[in-house]
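Taking it in order: structure first as structure tokens, then the write-up.
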Amino acid sequence: MDRNLALELVRVTETAALASAGYMGRGNKDAADQAAVDGMRKAFSHVSIQGKVVIGEGELDEAPMLYIGEEVGRWGSGDRAVDIAVDPLEGTVLIAKGLPNAIAVIAMAPQGTLLHAPDTYMKKIAVGPKAKGLVQLDAPVEQNLKAVAKALNKKIQDLTVIIQDRPRHDALIQEVRAAGCRIKLFGDGDVAAALATCFEDTGIDVFMSIGGAPEGVIAAVALKCLGGEMQGKLNPLSEEEIARCEELGWHQEKINKVLTLEDLVASEDVFFAATGVSDGDLLKGVTYLENNQAKTHSVVMRSKTGTIRFVDAIHRLDKNEILVEMMEKHR
Ligand SMILES: O=P(O)(O)OC[C@H]1O[C@](O)(COP(=O)(O)O)[C@@H](O)[C@@H]1O
């Protein structure tokens, strides 16, 4: 895929972040999400791809924009056919409460290569490049943690495991504590949490959680670019979710299968871009500057070359056509 698409994708996540950041701390997660969706969709119309949303805001009946199956991009005759996975505002509650780690995020891959994950829960494990190939989602927790400690040349007591703070993880938390590791609990945003395992500065060594399956596919694209490892397994928690899986052709045998990184993302030529909405471990959030300007901090990655770029940008909110429209609508 054309390497210049990387910068195009950053423009899209920047626009989503800028559109939604004004809602920080205002207690309205739906309005913040809608703003991010608006911004992302608008910015996509300038990108030279024939994109189809495979992970989006839901089915057409529940999501009028960026719904699964929606065509995005310019759709010119020479444009590349691609699968698009979006989470315009990953961590809607985080923005509503003004908490850290909300991001706007996109993953892109050649057509037909991203897993069409149903919108149910998924059990996930992620580790950075040094521990790649050494963990097994279904293995005992302690066994995985010992393997990671060995790969990182750390004492098991010095490993930090990041887990979403939910009652469904009580037993997991007990097991990680019993193994002797440190734990960092996070409120929301498991894409950022999985990514953190690949950046030493974050101090996070392992990600273990049950979170959204769509977020699992998006994170897997990033882990592929970063040379890390991620595995997942659908984990429908209610009768309704099981029915939803069946409706989409996920029968018990398929649900029980551990999905490897290759199952989640079947291509070596994928892109991932994210822009911070609120300050986080990896990305700074949107900040507003004098003279109607705002600053964004993003990361964009391409698996083919393994390049990881951090992009700082200063935007004129009164000059850029799309941003002017977003500011009128959402500020
Ligand atoms: O809040 P739940 O039901 O535990 O779901 C977990 C999911 O929610 C999130 O924390 C945030 O998702 P939203 O941005 O859609 O609110 C995800 O990162 C995670 O996968």
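Following the order of the structure tokens, chains are lettered A, B, ..., residues in each are numbered from 1, and ligands are numbered from 1.
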
Around ligand 1, at most 7 Å away and counting only C-alpha atoms and all ligand atoms, which residues are there? Put them as a PDB file with C-alpha atoms, in the first residue's frame, please.
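Result written to selection.pdb:
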```pdb
ATOM      1  CA  LEU A  89     -13.218   7.979  20.283  1.00  0.00           C
ATOM      2  CA  GLU A  90     -11.722   5.050  22.175  1.00  0.00           C
ATOM      3  CA  GLY A  91     -12.596   5.822  25.786  1.00  0.00           C
ATOM      4  CA  THR A  92     -15.821   7.827  25.548  1.00  0.00           C
ATOM      5  CA  VAL A  93     -16.199   7.776  29.345  1.00  0.00           C
ATOM      6  CA  ARG A 166     -13.917  -4.563  35.999  1.00  0.00           C
ATOM      7  CA  GLY A 187     -10.734   2.397  33.720  1.00  0.00           C
ATOM      8  CA  ASP A 188     -11.310   2.419  29.960  1.00  0.00           C
ATOM      9  CA  GLY A 189      -9.459   2.261  26.674  1.00  0.00           C
ATOM     10  CA  ASP A 190      -7.928  -1.146  26.119  1.00  0.00           C
ATOM     11  CA  VAL A 191      -6.374  -0.283  22.725  1.00  0.00           C
ATOM     12  CA  GLY A 211     -12.725  -6.126  26.514  1.00  0.00           C
ATOM     13  CA  GLY A 212     -14.420  -5.364  23.212  1.00  0.00           C
ATOM     14  CA  ALA A 213     -13.626  -7.672  20.293  1.00  0.00           C
ATOM     15  CA  GLU A 215     -10.956  -3.004  19.972  1.00  0.00           C
TER      16      GLU A 215
END
```

Quiz prompt | Who sits within 8 Å of Leu261 (chain A), only C-alpha atoms, same chain under 6 positions skipped, as a list in words | solution =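 The neighbour list is Ala220, Lys224, Glu229, Met230 and Gln231 of chain A.
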
Quiz item: Pick from A:Val217, A:Met122, A:Ala16, A:Ile183: nearest to Val54 (chain A), with only C-alpha atoms counted?
Solution: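 For Val54 (chain A), the nearest of the candidates is A:Val217.
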
Practice problem: Name the residues of region 18-100 of chain A that come out as helix (DSSP H, G or I) in a backbone DSSP run; write them as a ChimeraX atom specification. | Solution: /A:18-21,29-44,92-97

Quiz prompt | DSSP strand (DSSP E or B) residues within region 169-320 of chain A, listed as a ChimeraX atom specification | solution = /A:182-186,206-212,229-234,259,265,271-276,287-289,293-302,307-316

Let me see the file: selected residues, N, CA and C atoms, as a compact mmCIF listing (two decimals), in the first residue's frame.
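See result-v7.txt below for the written result:
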```txt
# COMPACT_ATOMS: atom_id res chain seq x y z
N ARG A 182 3.25 -6.83 39.76
CA ARG A 182 2.58 -5.56 40.00
C ARG A 182 1.43 -5.44 39.00
N ILE A 183 0.40 -4.67 39.38
CA ILE A 183 -0.76 -4.51 38.49
C ILE A 183 -1.06 -3.02 38.31
N LYS A 184 -1.34 -2.65 37.06
CA LYS A 184 -1.87 -1.30 36.83
C LYS A 184 -3.29 -1.48 36.30
N LEU A 185 -4.27 -1.01 37.07
CA LEU A 185 -5.66 -1.10 36.61
C LEU A 185 -5.98 0.14 35.80
N PHE A 186 -6.75 -0.05 34.72
CA PHE A 186 -7.18 1.13 33.96
C PHE A 186 -8.70 1.10 33.85
N VAL A 206 2.84 -6.52 30.30
CA VAL A 206 1.84 -7.48 29.80
C VAL A 206 0.45 -6.85 29.89
N PHE A 207 -0.37 -7.10 28.88
CA PHE A 207 -1.77 -6.68 28.91
C PHE A 207 -2.63 -7.94 28.95
N MET A 208 -3.50 -8.02 29.94
CA MET A 208 -4.43 -9.16 30.03
C MET A 208 -5.81 -8.59 30.36
N SER A 209 -6.80 -8.89 29.56
CA SER A 209 -8.12 -8.31 29.84
C SER A 209 -9.19 -8.97 29.00
N ILE A 210 -10.41 -8.79 29.44
CA ILE A 210 -11.55 -9.11 28.58
C ILE A 210 -12.19 -7.77 28.23
N GLY A 211 -12.15 -7.41 26.95
CA GLY A 211 -12.73 -6.13 26.51
C GLY A 211 -13.42 -6.34 25.18
N GLY A 212 -13.70 -5.26 24.47
CA GLY A 212 -14.42 -5.36 23.21
C GLY A 212 -13.62 -6.11 22.14
N GLU A 229 3.07 -9.15 20.21
CA GLU A 229 2.21 -10.33 20.04
C GLU A 229 0.86 -10.07 20.70
N MET A 230 -0.17 -10.50 20.03
CA MET A 230 -1.50 -10.40 20.64
C MET A 230 -2.30 -11.64 20.27
N GLN A 231 -3.02 -12.17 21.21
CA GLN A 231 -3.95 -13.27 20.93
C GLN A 231 -5.31 -12.91 21.53
N GLY A 232 -6.36 -13.45 20.95
CA GLY A 232 -7.69 -13.16 21.45
C GLY A 232 -8.59 -14.37 21.32
N LYS A 233 -9.67 -14.34 22.05
CA LYS A 233 -10.67 -15.41 21.95
C LYS A 233 -12.01 -14.76 22.27
N LEU A 234 -12.99 -14.95 21.43
CA LEU A 234 -14.29 -14.34 21.72
C LEU A 234 -14.78 -14.81 23.07
N LEU A 259 -7.49 -16.99 18.74
CA LEU A 259 -7.17 -16.26 17.50
C LEU A 259 -5.76 -15.70 17.62
N VAL A 265 -5.34 -10.29 12.01
CA VAL A 265 -4.89 -9.39 10.93
C VAL A 265 -4.07 -10.22 9.95
N PHE A 271 -1.57 -0.52 8.34
CA PHE A 271 -1.29 0.80 8.91
C PHE A 271 -2.12 1.00 10.18
N PHE A 272 -1.56 1.77 11.10
CA PHE A 272 -2.29 2.11 12.33
C PHE A 272 -2.00 3.57 12.65
N ALA A 273 -3.02 4.32 13.00
CA ALA A 273 -2.79 5.72 13.41
C ALA A 273 -3.66 6.04 14.62
N ALA A 274 -3.12 6.81 15.55
CA ALA A 274 -3.89 7.23 16.72
C ALA A 274 -3.48 8.64 17.10
N THR A 275 -4.45 9.43 17.54
CA THR A 275 -4.17 10.78 18.05
C THR A 275 -4.73 10.87 19.47
N GLY A 276 -3.96 11.45 20.37
CA GLY A 276 -4.41 11.62 21.75
C GLY A 276 -5.54 12.63 21.83
N THR A 287 -4.29 20.14 22.98
CA THR A 287 -4.17 21.35 23.81
C THR A 287 -4.54 22.55 22.94
N TYR A 288 -5.16 23.53 23.58
CA TYR A 288 -5.58 24.72 22.84
C TYR A 288 -4.56 25.83 23.06
N LEU A 289 -4.20 26.51 21.98
CA LEU A 289 -3.17 27.55 22.04
C LEU A 289 -3.80 28.90 21.71
N GLN A 293 -5.62 28.32 17.82
CA GLN A 293 -4.83 27.18 17.36
C GLN A 293 -4.97 26.03 18.37
N ALA A 294 -4.71 24.84 17.88
CA ALA A 294 -4.71 23.67 18.78
C ALA A 294 -3.58 22.75 18.36
N LYS A 295 -3.03 22.03 19.35
CA LYS A 295 -1.91 21.15 19.09
C LYS A 295 -2.34 19.69 19.29
N THR A 296 -1.91 18.82 18.38
CA THR A 296 -2.21 17.39 18.55
C THR A 296 -0.92 16.58 18.57
N HIS A 297 -1.02 15.40 19.15
CA HIS A 297 0.11 14.47 19.22
C HIS A 297 -0.40 13.10 18.76
N SER A 298 0.26 12.56 17.73
CA SER A 298 -0.24 11.31 17.14
C SER A 298 0.90 10.33 16.95
N VAL A 299 0.53 9.08 16.72
CA VAL A 299 1.50 8.07 16.32
C VAL A 299 0.94 7.37 15.08
N VAL A 300 1.83 7.09 14.12
CA VAL A 300 1.39 6.36 12.93
C VAL A 300 2.43 5.30 12.61
N MET A 301 1.95 4.12 12.25
CA MET A 301 2.87 3.00 12.05
C MET A 301 2.51 2.25 10.77
N ARG A 302 3.53 1.62 10.22
CA ARG A 302 3.34 0.82 9.00
C ARG A 302 4.09 -0.48 9.20
N THR A 307 8.21 1.30 10.46
CA THR A 307 8.43 2.70 10.88
C THR A 307 7.32 3.14 11.84
N ILE A 308 7.77 3.78 12.92
CA ILE A 308 6.81 4.33 13.89
C ILE A 308 7.09 5.83 13.95
N ARG A 309 6.13 6.62 13.57
CA ARG A 309 6.34 8.08 13.60
C ARG A 309 5.46 8.70 14.66
N PHE A 310 6.05 9.60 15.45
CA PHE A 310 5.24 10.43 16.34
C PHE A 310 5.12 11.78 15.65
N VAL A 311 3.89 12.26 15.56
CA VAL A 311 3.64 13.48 14.80
C VAL A 311 3.03 14.55 15.70
N ASP A 312 3.73 15.67 15.83
CA ASP A 312 3.20 16.84 16.54
C ASP A 312 2.64 17.78 15.48
N ALA A 313 1.45 18.29 15.67
CA ALA A 313 0.91 19.21 14.67
C ALA A 313 0.21 20.37 15.35
N ILE A 314 0.34 21.54 14.72
CA ILE A 314 -0.40 22.72 15.20
C ILE A 314 -1.42 23.07 14.13
N HIS A 315 -2.66 23.20 14.55
CA HIS A 315 -3.77 23.40 13.60
C HIS A 315 -4.40 24.77 13.80
N ARG A 316 -4.82 25.39 12.71
CA ARG A 316 -5.59 26.63 12.79
C ARG A 316 -7.07 26.25 12.75
```

Quiz item: Between CA of Asp201 (chain A) and CA of Ala149 (chain A), what is the spacing in Å?
Solution: 16.7 Å

Quiz item: Any idea what's packed within 12 Å of Glu325 (chain A), counting only C-alpha atoms, ignoring anything in its chain fewer than 2 positions away? Could you give it as a PyMOL selection string?
Solution: chain A and resi 15+18-19+35+38-39+42-43+317-323+327-331

Okay, now the selection with N, CA and C atoms, as a short mmCIF file (atom, residue, chain, number, x, y, z; two decimals), in the first residue's frame?
```cif
data_model
loop_
_atom_site.label_atom_id
_atom_site.label_comp_id
_atom_site.auth_asym_id
_atom_site.auth_seq_id
_atom_site.Cartn_x
_atom_site.Cartn_y
_atom_site.Cartn_z
N THR A 15 -8.35 14.94 13.06
CA THR A 15 -9.64 15.65 12.94
C THR A 15 -10.65 15.12 13.96
N LEU A 18 -9.61 16.48 17.37
CA LEU A 18 -9.90 17.91 17.51
C LEU A 18 -11.40 18.16 17.64
N ALA A 19 -12.19 17.37 16.91
CA ALA A 19 -13.65 17.57 16.96
C ALA A 19 -14.21 17.21 18.33
N ALA A 35 -19.09 13.73 17.88
CA ALA A 35 -18.17 14.73 17.31
C ALA A 35 -16.98 14.03 16.66
N ASP A 38 -18.12 12.41 13.43
CA ASP A 38 -18.30 13.46 12.40
C ASP A 38 -16.97 13.85 11.80
N GLY A 39 -16.01 14.12 12.68
CA GLY A 39 -14.70 14.58 12.24
C GLY A 39 -14.00 13.53 11.41
N LYS A 42 -15.75 13.03 7.93
CA LYS A 42 -15.48 14.17 7.03
C LYS A 42 -14.05 14.07 6.48
N ALA A 43 -13.10 13.81 7.36
CA ALA A 43 -11.69 13.78 6.93
C ALA A 43 -11.43 12.60 5.98
N LEU A 317 -7.75 26.49 13.83
CA LEU A 317 -9.15 26.07 13.90
C LEU A 317 -10.07 27.00 13.10
N ASP A 318 -9.53 28.16 12.69
CA ASP A 318 -10.34 29.11 11.92
C ASP A 318 -9.94 29.15 10.44
N LYS A 319 -9.02 28.28 10.02
CA LYS A 319 -8.56 28.33 8.62
C LYS A 319 -8.84 27.04 7.87
N ASN A 320 -8.59 25.92 8.54
CA ASN A 320 -8.80 24.62 7.90
C ASN A 320 -10.32 24.39 7.77
N GLU A 321 -10.75 24.20 6.52
CA GLU A 321 -12.19 24.13 6.23
C GLU A 321 -12.95 23.11 7.09
N ILE A 322 -12.36 21.92 7.18
CA ILE A 322 -13.06 20.86 7.94
C ILE A 322 -13.12 21.23 9.42
N LEU A 323 -12.01 21.78 9.93
CA LEU A 323 -11.99 22.12 11.36
C LEU A 323 -12.95 23.27 11.66
N MET A 327 -15.71 22.91 14.48
CA MET A 327 -15.76 23.81 15.63
C MET A 327 -17.13 24.47 15.73
N GLU A 328 -17.71 24.81 14.57
CA GLU A 328 -19.06 25.41 14.58
C GLU A 328 -20.08 24.43 15.15
N LYS A 329 -19.92 23.17 14.78
CA LYS A 329 -20.90 22.16 15.21
C LYS A 329 -20.68 21.70 16.64
N HIS A 330 -19.43 21.64 17.06
CA HIS A 330 -19.14 20.92 18.30
C HIS A 330 -18.47 21.74 19.40
N ARG A 331 -18.40 23.06 19.26
CA ARG A 331 -17.79 23.82 20.38
C ARG A 331 -18.68 24.94 20.85
#
```

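If you measure from each of A:Asn28, A:Thr120, A:Ser278, A:Gln174 to Ile242 (chain A) using only C-alpha atoms, the closest one turns out to be A:Thr120.
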
Can you pull out every residue within 8 Å of region 62-69 of chain A, counting only C-alpha atoms, but drop anything in the same chain fewer than 2 positions away, and send it as a tab-separated table (two decimals) with N, CA and C atoms, in the first residue's frame?
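Listing of result-v1.tsv after writing:
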```
chain	number	residue	atom	x	y	z
A	37	VAL	N	-16.88	10.98	15.51
A	37	VAL	CA	-17.37	10.27	14.31
A	37	VAL	C	-17.52	11.26	13.14
A	38	ASP	N	-18.12	12.41	13.43
A	38	ASP	CA	-18.30	13.46	12.40
A	38	ASP	C	-16.97	13.85	11.80
A	41	ARG	N	-15.29	11.00	9.75
A	41	ARG	CA	-15.98	10.71	8.49
A	41	ARG	C	-15.69	11.80	7.46
A	52	LYS	N	-13.67	0.21	3.04
A	52	LYS	CA	-14.93	-0.30	3.57
A	52	LYS	C	-14.74	-0.52	5.06
A	53	VAL	N	-15.67	0.00	5.86
A	53	VAL	CA	-15.57	-0.14	7.32
A	53	VAL	C	-15.92	-1.58	7.70
A	54	VAL	N	-14.97	-2.29	8.33
A	54	VAL	CA	-15.28	-3.65	8.81
A	54	VAL	C	-15.42	-3.67	10.33
A	55	ILE	N	-14.78	-2.71	10.99
A	55	ILE	CA	-14.98	-2.52	12.43
A	55	ILE	C	-15.36	-1.06	12.57
A	56	GLY	N	-16.58	-0.81	13.04
A	56	GLY	CA	-17.02	0.58	13.09
A	56	GLY	C	-17.91	0.85	14.28
A	57	GLU	N	-18.82	1.76	14.07
A	57	GLU	CA	-19.69	2.20	15.17
A	57	GLU	C	-20.91	1.30	15.35
A	58	GLY	N	-20.97	0.19	14.62
A	58	GLY	CA	-22.10	-0.73	14.75
A	58	GLY	C	-22.74	-0.95	13.39
A	59	GLU	N	-23.89	-1.65	13.42
A	59	GLU	CA	-24.61	-1.92	12.17
A	59	GLU	C	-25.33	-0.65	11.73
A	60	LEU	N	-25.74	-0.63	10.46
A	60	LEU	CA	-26.39	0.56	9.90
A	60	LEU	C	-27.57	1.03	10.75
A	71	GLU	N	-18.90	2.72	2.96
A	71	GLU	CA	-17.75	3.00	2.10
A	71	GLU	C	-17.15	4.34	2.50
A	86	VAL	N	-12.25	1.39	12.70
A	86	VAL	CA	-12.17	2.70	13.36
A	86	VAL	C	-12.71	2.63	14.79
```

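Among the candidates A:Val141, A:Val324, A:Ala32, A:Ile84, the one nearest to Leu172 (chain A) when counting only C-alpha atoms is A:Val141.
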
Practice problem: Tell me, in Å to one decimal, how far CA of Pro236 (chain A) is from CA of Ile218 (chain A). | Solution: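 Interatomic distance, CA of Pro236 (chain A) to CA of Ile218 (chain A): 18.4 Å.
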
Quiz prompt | Within 7 Å of Gly128 (chain A) using only C-alpha atoms, minus same-chain residues under 4 positions, as a list in words | solution = Lys132, Thr197, Cys198, Gly228 and Glu229 of chain A

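Closest approach to Leu264 (chain A) among A:Leu115, A:Gly133, A:Asn153, A:Glu246 is made by A:Leu115 (distances from only C-alpha atoms).
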
Quiz item: Using only C-alpha atoms, which residues sit within 9 Å of Leu5 (chain A) once same-chain residues fewer than 2 positions away are excluded, as a ChimeraX atom specification?
Solution: /A:1-3,7-10,47-49,271

Deliver the residues from the most recent selection as a file, using C-alpha atoms, as a short mmCIF file (atom, residue, chain, number, x, y, z; two decimals), in the first residue's frame.
```cif
data_model
loop_
_atom_site.label_atom_id
_atom_site.label_comp_id
_atom_site.auth_asym_id
_atom_site.auth_seq_id
_atom_site.Cartn_x
_atom_site.Cartn_y
_atom_site.Cartn_z
CA MET A 1 0.00 0.00 0.00
CA ASP A 2 1.18 3.53 -0.74
CA ARG A 3 3.31 4.66 2.19
CA LEU A 7 0.07 10.71 6.81
CA GLU A 8 -3.41 10.75 5.32
CA LEU A 9 -4.59 8.54 8.17
CA VAL A 10 -3.05 10.85 10.75
CA VAL A 47 -8.29 10.12 1.47
CA SER A 48 -7.50 8.31 -1.79
CA ILE A 49 -8.70 4.82 -0.92
CA PHE A 271 -1.29 0.80 8.91
#
```
